[in-house]
Amino acid sequence: MKPWMAAVGLALGIVPAAQAQGTSSVAGEWWTPGFNARVRIEPCGDAVCGRIVWLWDETPKDIADKNPLVGRQVIERMQATEPGFWRGGRLYNPEDGRDYKGSLHLQSPNRLVVDGCVLFICRTQVWRRADPARCPPVAPTDARGTPG
């Protein structure tokens, strides 16, 4: 949706605020804690999704998922619910091989809080936006992680 269309829709009350906010503010590449992985978040339909595009160690030890991780979707169908918040999707954790209910909270343009929960037990990570001036974006990959 064009920004001017969202503004007109908001003024007329026909576009929810969360939809008008869109996905652009969270889209981009993000470093996970410890700079172990880089995740590209981008629109997928009316939601956002994220895939691993780079790993410090492409074959990490002591994790449950033994499949190739580059190209692996780790954020699935997060819906914008209000400005700076995405919910309702799933997060995949390669360390234990499980999916979790999740949410994303953009605390600042360069700080993303990622929460994953199962029942009442939650885990939080803070991701940092990758700076393209200091570290160029990773080349696009296909679903298998092959540069495309």
# chains A, B, ... in the order shown; residues from 1 in each chain; ligands from 1
>>> residues_around(residues="stretch 67-79 of chain A", least_positions_apart="6", cutoff="6 Å", atoms="only C-alpha atoms", output="VMD selection string")
chain A and resid 47 to 53 86 to 92 143 to 145
>>> write_last_selection(atoms="C-alpha atoms", output="PDB file, in the first residue's frame")
ATOM      1  CA  ALA A  47       2.651 -10.346   7.421  1.00  0.00           C
ATOM      2  CA  VAL A  48       6.415 -10.507   7.895  1.00  0.00           C
ATOM      3  CA  CYS A  49       8.655 -13.560   7.785  1.00  0.00           C
ATOM      4  CA  GLY A  50      12.351 -14.043   8.448  1.00  0.00           C
ATOM      5  CA  ARG A  51      15.060 -16.415   7.220  1.00  0.00           C
ATOM      6  CA  ILE A  52      18.606 -17.057   8.316  1.00  0.00           C
ATOM      7  CA  VAL A  53      20.887 -15.573   5.642  1.00  0.00           C
ATOM      8  CA  TRP A  86       3.949  -7.912  15.369  1.00  0.00           C
ATOM      9  CA  ARG A  87       2.179 -10.959  16.852  1.00  0.00           C
ATOM     10  CA  GLY A  88       0.331 -14.129  16.029  1.00  0.00           C
ATOM     11  CA  GLY A  89       3.106 -15.867  14.167  1.00  0.00           C
ATOM     12  CA  ARG A  90       5.580 -18.569  15.011  1.00  0.00           C
ATOM     13  CA  LEU A  91       9.289 -18.490  15.839  1.00  0.00           C
ATOM     14  CA  TYR A  92      11.554 -21.445  15.124  1.00  0.00           C
ATOM     15  CA  ALA A 143      14.651 -21.670   0.067  1.00  0.00           C
ATOM     16  CA  ARG A 144      17.630 -24.044   0.322  1.00  0.00           C
ATOM     17  CA  GLY A 145      20.018 -21.220   1.168  1.00  0.00           C
TER      18      GLY A 145
END
>>> residues_around(residues="A:Leu104", least_positions_apart="2", cutoff="6 Å", atoms="only C-alpha atoms", output="list in words")
Phe85, Trp86, Val113 and Val114 of chain A
>>> select_by_dssp(residues="stretch 15-99 of chain A", states="alpha helix (DSSP H)", output="ChimeraX atom specification")
/A:17-21
>>> residues_around(residues="stretch 54-63 of chain A", least_positions_apart="4", cutoff="10 Å", atoms="only C-alpha atoms", output="JSON, numbers by chain")
{"A": [29, 31, 32, 34, 35, 36, 37, 38, 39, 40, 67, 68, 69, 70, 71, 93, 94, 95, 96, 97, 137, 138, 139, 145]}
>>> atom_distance(atom1="atom CA of A:Pro109", atom2="atom CA of A:Arg123")
21.7 Å
>>> atom_distance(atom1="atom CA of A:Glu42", atom2="atom CA of A:Val26")
7.8 Å
>>> closest_residue(among="A:Ala80, A:Ala130, A:Ser108, A:Cys135", to="A:Gly45", atoms="only C-alpha atoms")
A:Ala80
